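Notes for the one structure printed next.
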Amino acid sequence: MIAAMRPEILYPLFAPIDTLKGVGPRVAPLLSKLAGPVVRDVAFLTPHSLIHRQPARVEAAVEGAVQTFVVTIEAYQAPRNPSQPWRVRAFDGTGSLTLVYFGGLGGRIEGQNPVGAQRLVSGKVERFGSEIQIAHPDYLVPVEKADQIPEVEAVYPATAGLPARTVRRLALDALGRCPDLAEWQDPAWLARQGWASWRESLARLHAPQSDADLTAQAPHRQRLAFDELLAHQLAMGQKKAERRAEPAPPIGAGRLAEALAAALPFQLTGAQSRALADIRADLACGERMSRLLQGDVGSGKTVVAMLAMADVAEARGQSALMAPTEILARQHFETLAAPLEAQGIAAVLLTGRDKGPARAEKLRALASGAVQVAVGTHALFQTDVVFHDLRLTVIDEQHRFGVAERQRLQAKGQATHLLAMSATPIPRTLELTVFGDLDVSRIDEKPPGRTPVATRAIPMGRMAEVEGRLKSVVATGAQAFWICPLVSESEKTDLAAAERRAAELRERIGPSVGLVHGKMPGPEKDAVMARFAQGELSVLVATTVVEVGVNVPNATIMVIEQAERFGLAQLHQLRGRVGRGKAESACVLLYDPPLSETGQKRLDILRRTDDGFLIAERDLELRGGGDPLGLRQSGFPAYVFADPISHRDLIAAAGDDARLILARDPDLTSSRGQALRVLQALFDWQAQSTLQDAG
């Protein structure tokens, strides 16, 4: 449907890649894997480095340099067998140069470059014994065709069967099909930034003249990044406006929530009270809520959600809380059920384990309205789950659910309010890129009674000392997590290392050591986690970060092996699994020396603060590029030109511009609005698309 709405001027860019010259059945799948299925994707490929070709004489040839020589072809030496190369001897008046060709190319080359012909040859210089040679020269052309050899050449990504030079040719072909488009940026902003037009900026991307042209801060790259960010911010602003335009019955703050809060064994923190006030304002305004509740592990997000559910129940509506794993769903249910039921609000837990008559009874209670709160996993959005009047959906760790999954749950009610929760602290500078279609509340205070976790960094060489200390602490009845690094689930060596560590700890400590890893079946993993939560296991060895979301107040030690292999935010979240009771807790960061400067700073930051939001900001500063905080797994958009770290100043500017545009021209009907519609179609960031929807 979106393709049908695409402006006609973009048709050439959205033609299949096999319309590019030289892209046939063999090349098309390779190019599609490298860039994407349409011409635009190839035009958007970005060179990653430059080759500077230096004119030279053979006597001054530099090994390893890419140089260009004017030579005369002197002789051809055919190989004795097919595995040997053709060798072409050439001379430039100062010395001999040997050109080497494997794969039987010599005959064709000899036909095109006969003995006695003068040629320009360019490629990487190598030494083979006393010989100076170039293996498979990049260029071998007649002298009069010198313009075919660029002095500066952009190097593109390549893949097996598709060399970088072929990709460069195809990228330039795709660039040639890019039309001039009406300007969508504000002229005053363009002048202030000193940016060229979109088409000129894209052309400059493919014709870099210096290494500075390849950086994220090059003017043409900034222009393209801002275009992409603006398209995204507009789409998310439109999405937010669509939700707000959907009326929802107002829900006021009620006495049940007040009684529930009064019965809690603690007072809400100021941050919790502010977050609850934000949510209540949304519920009362008569428009559909779409809000994200951000807060560290253990900051009290669930309690805030519970009080909102009490308001919904008093308004005769239902709420559903969906968690990504059964153990987390069970944990939420144990937190919510008793306090809610004490106020007459019935709650039910629904997971994949529910079968037969027990499940049927729960479904009947939801359908009749006898139950006001449902807590569960993916089981909540199954087709046969029907709500009497679902008003509020709470989605924990929402980035771990697909957009379609989140929407299937919300679709079980009319104009259902959404409260998403995330324990991954995201720097304010990046919030817009991930959650631009949501309003954001932060819980940035720790609940009272949380004991600070003492954090120490210890070299791996002192492992035996750590194990000995762990044995003595476990003997007192305490529990501990031991986290092993995992680069990839497919890396058997990492899994084997975790299994060895668990076996070693069993020898040292005793049989009460459990192991969970990503290869285990779900029920088996849950069983081990449950045994740990119930105190049957003293130590839990884990290879996965996400599976240790269980709340075990008795766990007071977190050992993280090879801590330098984890991101700062991951380390912080892992540390948050301990220190949840009243006992003193510790986090031991085992590292392989020597640490890099960044690694040292990372561990120092962790030792100095337990503020997740501050840690996220510091992590951003340390990384300076790439994948901040592991956000690719946290719903982070896959930008082509924009780097969320290098371009974070542009993110805020694009957000401001998008809000201003939509306030003045919500339907994008003005001349600039029409141009902006083309921009959105160009990047496929449209409000109609659900692919990049945070809520």
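Residue numbering restarts at 1 for every chain of the structure tokens, chains are lettered A, B, ... in their displayed order, and ligands are numbered from 1 as they appear.
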Backbone DSSP call of helix (DSSP H, G or I) for region 358-517 of chain A, listed as a PyMOL selection string: chain A and resi 358-368+378-381+398-400+403-410+428-435+460-474+492-509
Compile the contact shell of region 231-244 of chain A as an MDAnalysis selection string: residues with an atom at most 10 Å away, counting only C-alpha atoms, same-chain residues fewer than 6 positions apart removed. chainID A and resid 225 282 285:290 415:417 432:439 637 639 651:652 654:663 666:667 676:690 692:695
Would you mind listing what lies within 12 Å of region 166-176 of chain A as an mmCIF file with N, CA, C and O atoms, in the first residue's frame, with only C-alpha atoms counted and same-chain residues fewer than 5 positions away left out?
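Writing the result to part-v1.cif gives the following:
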```
data_model
loop_
_atom_site.group_PDB
_atom_site.id
_atom_site.type_symbol
_atom_site.label_atom_id
_atom_site.label_comp_id
_atom_site.auth_asym_id
_atom_site.auth_seq_id
_atom_site.Cartn_x
_atom_site.Cartn_y
_atom_site.Cartn_z
ATOM 1 N N PRO A 12 12.110 5.742 -10.323
ATOM 2 C CA PRO A 12 13.402 5.176 -10.749
ATOM 3 C C PRO A 12 14.235 4.653 -9.579
ATOM 4 O O PRO A 12 14.983 3.682 -9.736
ATOM 5 N N LEU A 13 14.109 5.289 -8.409
ATOM 6 C CA LEU A 13 14.904 4.867 -7.254
ATOM 7 C C LEU A 13 14.363 3.601 -6.613
ATOM 8 O O LEU A 13 15.102 2.890 -5.923
ATOM 9 N N PHE A 14 13.082 3.328 -6.820
ATOM 10 C CA PHE A 14 12.495 2.134 -6.220
ATOM 11 C C PHE A 14 12.309 1.016 -7.245
ATOM 12 O O PHE A 14 11.594 0.051 -6.997
ATOM 13 N N ALA A 15 13.001 1.157 -8.386
ATOM 14 C CA ALA A 15 13.043 0.064 -9.359
ATOM 15 C C ALA A 15 13.928 -1.050 -8.797
ATOM 16 O O ALA A 15 14.844 -0.791 -8.013
ATOM 17 N N PRO A 16 13.683 -2.311 -9.166
ATOM 18 C CA PRO A 16 14.522 -3.414 -8.678
ATOM 19 C C PRO A 16 15.979 -3.222 -9.082
ATOM 20 O O PRO A 16 16.278 -2.604 -10.119
ATOM 21 N N ILE A 17 16.889 -3.761 -8.299
ATOM 22 C CA ILE A 17 18.318 -3.566 -8.580
ATOM 23 C C ILE A 17 18.750 -4.219 -9.880
ATOM 24 O O ILE A 17 19.757 -3.813 -10.460
ATOM 25 N N ASP A 18 17.972 -5.183 -10.381
ATOM 26 C CA ASP A 18 18.404 -5.809 -11.642
ATOM 27 C C ASP A 18 18.172 -4.906 -12.847
ATOM 28 O O ASP A 18 18.497 -5.268 -13.979
ATOM 29 N N THR A 19 17.624 -3.693 -12.602
ATOM 30 C CA THR A 19 17.541 -2.716 -13.692
ATOM 31 C C THR A 19 18.859 -1.957 -13.855
ATOM 32 O O THR A 19 19.029 -1.225 -14.832
ATOM 33 N N LEU A 20 19.789 -2.103 -12.903
ATOM 34 C CA LEU A 20 21.114 -1.494 -13.034
ATOM 35 C C LEU A 20 21.932 -2.283 -14.053
ATOM 36 O O LEU A 20 21.836 -3.517 -14.114
ATOM 37 N N LYS A 21 22.754 -1.589 -14.803
ATOM 38 C CA LYS A 21 23.545 -2.228 -15.852
ATOM 39 C C LYS A 21 24.527 -3.228 -15.239
ATOM 40 O O LYS A 21 25.270 -2.901 -14.316
ATOM 41 N N GLY A 22 24.482 -4.445 -15.751
ATOM 42 C CA GLY A 22 25.417 -5.466 -15.288
ATOM 43 C C GLY A 22 24.919 -6.273 -14.108
ATOM 44 O O GLY A 22 25.644 -7.120 -13.576
ATOM 45 N N VAL A 23 23.685 -6.014 -13.659
ATOM 46 C CA VAL A 23 23.131 -6.777 -12.535
ATOM 47 C C VAL A 23 22.181 -7.841 -13.084
ATOM 48 O O VAL A 23 21.027 -7.564 -13.392
ATOM 49 N N VAL A 27 24.534 -11.591 -10.009
ATOM 50 C CA VAL A 27 24.936 -10.439 -9.200
ATOM 51 C C VAL A 27 23.798 -9.935 -8.304
ATOM 52 O O VAL A 27 24.034 -9.479 -7.179
ATOM 53 N N ALA A 28 22.557 -10.025 -8.792
ATOM 54 C CA ALA A 28 21.418 -9.433 -8.060
ATOM 55 C C ALA A 28 21.322 -9.892 -6.604
ATOM 56 O O ALA A 28 21.209 -9.056 -5.699
ATOM 57 N N LEU A 30 23.629 -11.040 -4.653
ATOM 58 C CA LEU A 30 24.798 -10.552 -3.924
ATOM 59 C C LEU A 30 24.637 -9.074 -3.591
ATOM 60 O O LEU A 30 24.896 -8.635 -2.470
ATOM 61 N N LEU A 31 24.184 -8.295 -4.583
ATOM 62 C CA LEU A 31 24.011 -6.857 -4.381
ATOM 63 C C LEU A 31 22.863 -6.582 -3.410
ATOM 64 O O LEU A 31 22.944 -5.673 -2.576
ATOM 65 N N SER A 32 21.806 -7.383 -3.505
ATOM 66 C CA SER A 32 20.667 -7.211 -2.599
ATOM 67 C C SER A 32 21.085 -7.457 -1.158
ATOM 68 O O SER A 32 20.692 -6.725 -0.246
ATOM 69 N N LEU A 34 24.071 -7.040 0.015
ATOM 70 C CA LEU A 34 25.010 -5.990 0.414
ATOM 71 C C LEU A 34 24.305 -4.662 0.664
ATOM 72 O O LEU A 34 24.631 -3.948 1.612
ATOM 73 N N ALA A 35 23.343 -4.319 -0.210
ATOM 74 C CA ALA A 35 22.723 -2.990 -0.149
ATOM 75 C C ALA A 35 21.230 -3.050 0.148
ATOM 76 O O ALA A 35 20.737 -2.415 1.080
ATOM 77 N N GLY A 36 20.506 -3.830 -0.647
ATOM 78 C CA GLY A 36 19.053 -3.884 -0.526
ATOM 79 C C GLY A 36 18.453 -4.188 -1.879
ATOM 80 O O GLY A 36 19.165 -4.275 -2.884
ATOM 81 N N VAL A 38 16.362 -2.469 -3.941
ATOM 82 C CA VAL A 38 15.999 -1.449 -4.926
ATOM 83 C C VAL A 38 17.180 -0.512 -5.218
ATOM 84 O O VAL A 38 18.151 -0.463 -4.458
ATOM 85 N N VAL A 39 17.062 0.238 -6.309
ATOM 86 C CA VAL A 39 18.138 1.122 -6.770
ATOM 87 C C VAL A 39 18.529 2.127 -5.680
ATOM 88 O O VAL A 39 19.708 2.427 -5.487
ATOM 89 N N ARG A 40 17.535 2.642 -4.972
ATOM 90 C CA ARG A 40 17.832 3.601 -3.893
ATOM 91 C C ARG A 40 18.849 3.047 -2.908
ATOM 92 O O ARG A 40 19.751 3.761 -2.448
ATOM 93 N N ASP A 41 18.701 1.780 -2.544
ATOM 94 C CA ASP A 41 19.599 1.170 -1.563
ATOM 95 C C ASP A 41 21.045 1.197 -2.047
ATOM 96 O O ASP A 41 21.971 1.390 -1.252
ATOM 97 N N VAL A 42 21.240 1.006 -3.342
ATOM 98 C CA VAL A 42 22.589 1.031 -3.909
ATOM 99 C C VAL A 42 23.113 2.465 -3.945
ATOM 100 O O VAL A 42 24.285 2.729 -3.663
ATOM 101 N N ALA A 43 22.225 3.414 -4.267
ATOM 102 C CA ALA A 43 22.623 4.824 -4.284
ATOM 103 C C ALA A 43 22.998 5.311 -2.884
ATOM 104 O O ALA A 43 23.788 6.240 -2.737
ATOM 105 N N PHE A 44 22.441 4.675 -1.859
ATOM 106 C CA PHE A 44 22.713 5.075 -0.479
ATOM 107 C C PHE A 44 23.924 4.364 0.123
ATOM 108 O O PHE A 44 24.267 4.617 1.279
ATOM 109 N N LEU A 45 24.555 3.455 -0.626
ATOM 110 C CA LEU A 45 25.772 2.813 -0.121
ATOM 111 C C LEU A 45 26.848 3.875 0.124
ATOM 112 O O LEU A 45 27.049 4.767 -0.699
ATOM 113 N N THR A 46 27.547 3.750 1.225
ATOM 114 C CA THR A 46 28.539 4.765 1.599
ATOM 115 C C THR A 46 29.946 4.201 1.505
ATOM 116 O O THR A 46 30.215 3.140 2.079
ATOM 117 N N PRO A 47 30.859 4.877 0.790
ATOM 118 C CA PRO A 47 32.261 4.421 0.759
ATOM 119 C C PRO A 47 32.853 4.446 2.166
ATOM 120 O O PRO A 47 32.497 5.296 2.983
ATOM 121 N N HIS A 48 33.737 3.502 2.458
ATOM 122 C CA HIS A 48 34.312 3.446 3.804
ATOM 123 C C HIS A 48 35.770 3.880 3.870
ATOM 124 O O HIS A 48 36.311 4.117 4.943
ATOM 125 N N SER A 49 36.430 3.993 2.708
ATOM 126 C CA SER A 49 37.829 4.426 2.716
ATOM 127 C C SER A 49 38.195 4.950 1.333
ATOM 128 O O SER A 49 37.383 4.904 0.407
ATOM 129 N N LEU A 50 39.434 5.447 1.212
ATOM 130 C CA LEU A 50 39.911 6.016 -0.052
ATOM 131 C C LEU A 50 41.210 5.357 -0.481
ATOM 132 O O LEU A 50 42.016 4.950 0.359
ATOM 133 N N ASP A 138 44.820 -2.829 -10.771
ATOM 134 C CA ASP A 138 43.479 -2.242 -10.792
ATOM 135 C C ASP A 138 43.155 -1.688 -12.178
ATOM 136 O O ASP A 138 42.012 -1.762 -12.636
ATOM 137 N N GLU A 153 40.202 7.385 -5.211
ATOM 138 C CA GLU A 153 39.124 6.450 -5.534
ATOM 139 C C GLU A 153 38.448 5.983 -4.252
ATOM 140 O O GLU A 153 39.110 5.533 -3.307
ATOM 141 N N ALA A 154 37.121 6.103 -4.232
ATOM 142 C CA ALA A 154 36.353 5.658 -3.071
ATOM 143 C C ALA A 154 36.262 4.137 -3.050
ATOM 144 O O ALA A 154 36.072 3.508 -4.093
ATOM 145 N N VAL A 155 36.401 3.572 -1.853
ATOM 146 C CA VAL A 155 36.318 2.117 -1.701
ATOM 147 C C VAL A 155 34.996 1.780 -1.010
ATOM 148 O O VAL A 155 34.688 2.309 0.058
ATOM 149 N N TYR A 156 34.233 0.897 -1.637
ATOM 150 C CA TYR A 156 32.902 0.536 -1.151
ATOM 151 C C TYR A 156 32.925 -0.822 -0.452
ATOM 152 O O TYR A 156 33.854 -1.604 -0.627
ATOM 153 N N PRO A 157 31.873 -1.116 0.317
ATOM 154 C CA PRO A 157 31.768 -2.465 0.883
ATOM 155 C C PRO A 157 31.734 -3.492 -0.237
ATOM 156 O O PRO A 157 31.278 -3.202 -1.346
ATOM 157 N N ALA A 158 32.231 -4.677 0.024
ATOM 158 C CA ALA A 158 32.251 -5.740 -0.971
ATOM 159 C C ALA A 158 31.781 -7.024 -0.313
ATOM 160 O O ALA A 158 31.633 -7.104 0.908
ATOM 161 N N THR A 159 31.521 -8.023 -1.121
ATOM 162 C CA THR A 159 31.163 -9.339 -0.601
ATOM 163 C C THR A 159 31.711 -10.378 -1.556
ATOM 164 O O THR A 159 32.114 -10.040 -2.687
ATOM 165 N N ALA A 160 31.769 -11.612 -1.135
ATOM 166 C CA ALA A 160 32.328 -12.674 -1.978
ATOM 167 C C ALA A 160 31.594 -12.710 -3.319
ATOM 168 O O ALA A 160 30.365 -12.787 -3.360
ATOM 169 N N GLY A 161 32.343 -12.597 -4.401
ATOM 170 C CA GLY A 161 31.750 -12.606 -5.737
ATOM 171 C C GLY A 161 31.356 -11.239 -6.244
ATOM 172 O O GLY A 161 30.905 -11.097 -7.388
ATOM 173 N N TRP A 198 20.090 18.205 -1.464
ATOM 174 C CA TRP A 198 20.120 16.757 -1.225
ATOM 175 C C TRP A 198 20.892 16.041 -2.332
ATOM 176 O O TRP A 198 21.770 15.222 -2.060
ATOM 177 N N ARG A 199 20.595 16.383 -3.571
ATOM 178 C CA ARG A 199 21.224 15.685 -4.709
ATOM 179 C C ARG A 199 22.726 15.955 -4.750
ATOM 180 O O ARG A 199 23.533 15.038 -4.982
ATOM 181 N N GLU A 200 23.107 17.202 -4.495
ATOM 182 C CA GLU A 200 24.544 17.539 -4.483
ATOM 183 C C GLU A 200 25.261 16.840 -3.325
ATOM 184 O O GLU A 200 26.393 16.369 -3.474
ATOM 185 N N SER A 201 24.592 16.732 -2.194
ATOM 186 C CA SER A 201 25.193 16.074 -1.032
ATOM 187 C C SER A 201 25.395 14.586 -1.286
ATOM 188 O O SER A 201 26.419 14.002 -0.920
ATOM 189 N N LEU A 202 24.424 13.969 -1.951
ATOM 190 C CA LEU A 202 24.553 12.549 -2.270
ATOM 191 C C LEU A 202 25.685 12.329 -3.274
ATOM 192 O O LEU A 202 26.456 11.366 -3.155
ATOM 193 N N ALA A 203 25.804 13.242 -4.243
ATOM 194 C CA ALA A 203 26.899 13.131 -5.218
ATOM 195 C C ALA A 203 28.252 13.271 -4.527
ATOM 196 O O ALA A 203 29.213 12.554 -4.852
ATOM 197 N N ARG A 204 28.326 14.173 -3.538
ATOM 198 C CA ARG A 204 29.587 14.358 -2.810
ATOM 199 C C ARG A 204 29.931 13.128 -1.964
ATOM 200 O O ARG A 204 31.093 12.787 -1.794
ATOM 201 N N LEU A 205 28.883 12.458 -1.474
ATOM 202 C CA LEU A 205 29.098 11.224 -0.708
ATOM 203 C C LEU A 205 29.873 10.204 -1.549
ATOM 204 O O LEU A 205 30.733 9.482 -1.041
ATOM 205 N N HIS A 206 29.564 10.172 -2.845
ATOM 206 C CA HIS A 206 30.180 9.183 -3.737
ATOM 207 C C HIS A 206 31.457 9.699 -4.403
ATOM 208 O O HIS A 206 32.077 8.969 -5.184
ATOM 209 N N ALA A 207 31.844 10.924 -4.092
ATOM 210 C CA ALA A 207 33.071 11.471 -4.695
ATOM 211 C C ALA A 207 33.948 12.108 -3.629
ATOM 212 O O ALA A 207 34.315 13.285 -3.730
#
```
If we count only C-alpha atoms, what is near Glu110 (chain A) at a cut-off of 10 Å, once residues fewer than 6 positions away on the same chain are taken out, given as an MDAnalysis selection string? chainID A and resid 73 75:76 88
Restrict the selected residues to C-alpha atoms and save them as a PDB file, in the first residue's frame.
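Output (out10.pdb):
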```pdb
ATOM      1  CA  ILE A  73      55.034  -3.933 -22.366  1.00  0.00           C
ATOM      2  CA  ALA A  75      57.232  -9.677 -22.802  1.00  0.00           C
ATOM      3  CA  TYR A  76      54.623 -12.249 -21.753  1.00  0.00           C
ATOM      4  CA  VAL A  88      53.890  -9.685 -17.908  1.00  0.00           C
TER       5      VAL A  88
END
```
In Å, rounded to a single decimal, give me how far CA of Trp184 (chain A) is from CA of Ala196 (chain A). 12.3 Å
Counting only C-alpha atoms, what is within 8 Å of Ser368 (chain A), bar same-chain residues fewer than 4 positions away, as a VMD selection string? chain A and resid 364 387 to 388
Selected residues written out, N, CA and C atoms, as a JSON list (two decimals), in the first residue's frame:
```json
[["chain", "number", "residue", "atom", "x", "y", "z"],
["A", 364, "ARG", "N", -12.67, -17.29, 30.81],
["A", 364, "ARG", "CA", -14.06, -16.90, 31.11],
["A", 364, "ARG", "C", -14.09, -15.68, 32.05],
["A", 387, "PHE", "N", -11.15, -9.91, 26.20],
["A", 387, "PHE", "CA", -11.35, -9.07, 27.39],
["A", 387, "PHE", "C", -12.76, -8.48, 27.37],
["A", 388, "HIS", "N", -13.29, -8.26, 28.54],
["A", 388, "HIS", "CA", -14.61, -7.61, 28.65],
["A", 388, "HIS", "C", -14.50, -6.14, 28.26]]
```
CA of Lys412 (chain A) to CA of Glu314 (chain A), straight-line distance in Å: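 Pair CA of Glu314 (chain A) / CA of Lys412 (chain A) returns 19.6 Å.
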Just want the 12 Å neighbourhood of Ser472 (chain A), counted on only C-alpha atoms, with same-chain residues fewer than 4 positions away dropped. Output as a PyMOL selection string. chain A and resi 465-468+476-480+508-510+538+557
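All residues in region 278-310 of chain A with a DSSP state of strand (DSSP E), computed from the backbone, read Ser290, Arg291, Leu292, Leu293, Gln294 and Gly295 of chain A.
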Using only N, CA and C atoms, please write the residues we just selected to a file, as a PDB file, in the first residue's frame.
```pdb
ATOM      1  N   SER A 290      -0.022   7.124  25.148  1.00  0.00           N
ATOM      2  CA  SER A 290       1.117   6.344  24.659  1.00  0.00           C
ATOM      3  C   SER A 290       2.325   6.858  25.421  1.00  0.00           C
ATOM      4  N   ARG A 291       2.671   6.197  26.497  1.00  0.00           N
ATOM      5  CA  ARG A 291       3.732   6.699  27.373  1.00  0.00           C
ATOM      6  C   ARG A 291       4.746   5.603  27.669  1.00  0.00           C
ATOM      7  N   LEU A 292       6.002   6.022  27.731  1.00  0.00           N
ATOM      8  CA  LEU A 292       7.089   5.138  28.141  1.00  0.00           C
ATOM      9  C   LEU A 292       7.492   5.494  29.563  1.00  0.00           C
ATOM     10  N   LEU A 293       7.627   4.476  30.400  1.00  0.00           N
ATOM     11  CA  LEU A 293       8.107   4.657  31.765  1.00  0.00           C
ATOM     12  C   LEU A 293       9.509   4.062  31.837  1.00  0.00           C
ATOM     13  N   GLN A 294      10.498   4.950  31.911  1.00  0.00           N
ATOM     14  CA  GLN A 294      11.895   4.513  31.973  1.00  0.00           C
ATOM     15  C   GLN A 294      12.382   4.517  33.405  1.00  0.00           C
ATOM     16  N   GLY A 295      13.148   3.512  33.762  1.00  0.00           N
ATOM     17  CA  GLY A 295      13.722   3.489  35.099  1.00  0.00           C
ATOM     18  C   GLY A 295      14.657   2.315  35.260  1.00  0.00           C
TER      19      GLY A 295
END
```
Check the smallest atom-to-atom distance from each of A:Leu540, A:Leu321, A:Leu214, A:Ala533 to Ile560 (chain A) using only C-alpha atoms, then report the winner. A:Leu540
Please list as a list in words every residue within 8 Å of region 271-276 of chain A, counting only C-alpha atoms and excluding residues in the same chain fewer than 3 positions away. Leu268, Ile279, Arg280, Leu293, Gly300, Lys301, Val304, Ala305, Leu307, Ala308, Ser441, Arg442, Ile443, Asp444 and Glu445 of chain A
For each of A:Gln54, A:Arg177, A:Leu363, A:Phe226, take the minimum atom-to-atom distance to Leu190 (chain A), counting only C-alpha atoms, then give the residue where this is smallest.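 Using only C-alpha atoms, Leu190 (chain A) sits closest to A:Phe226.
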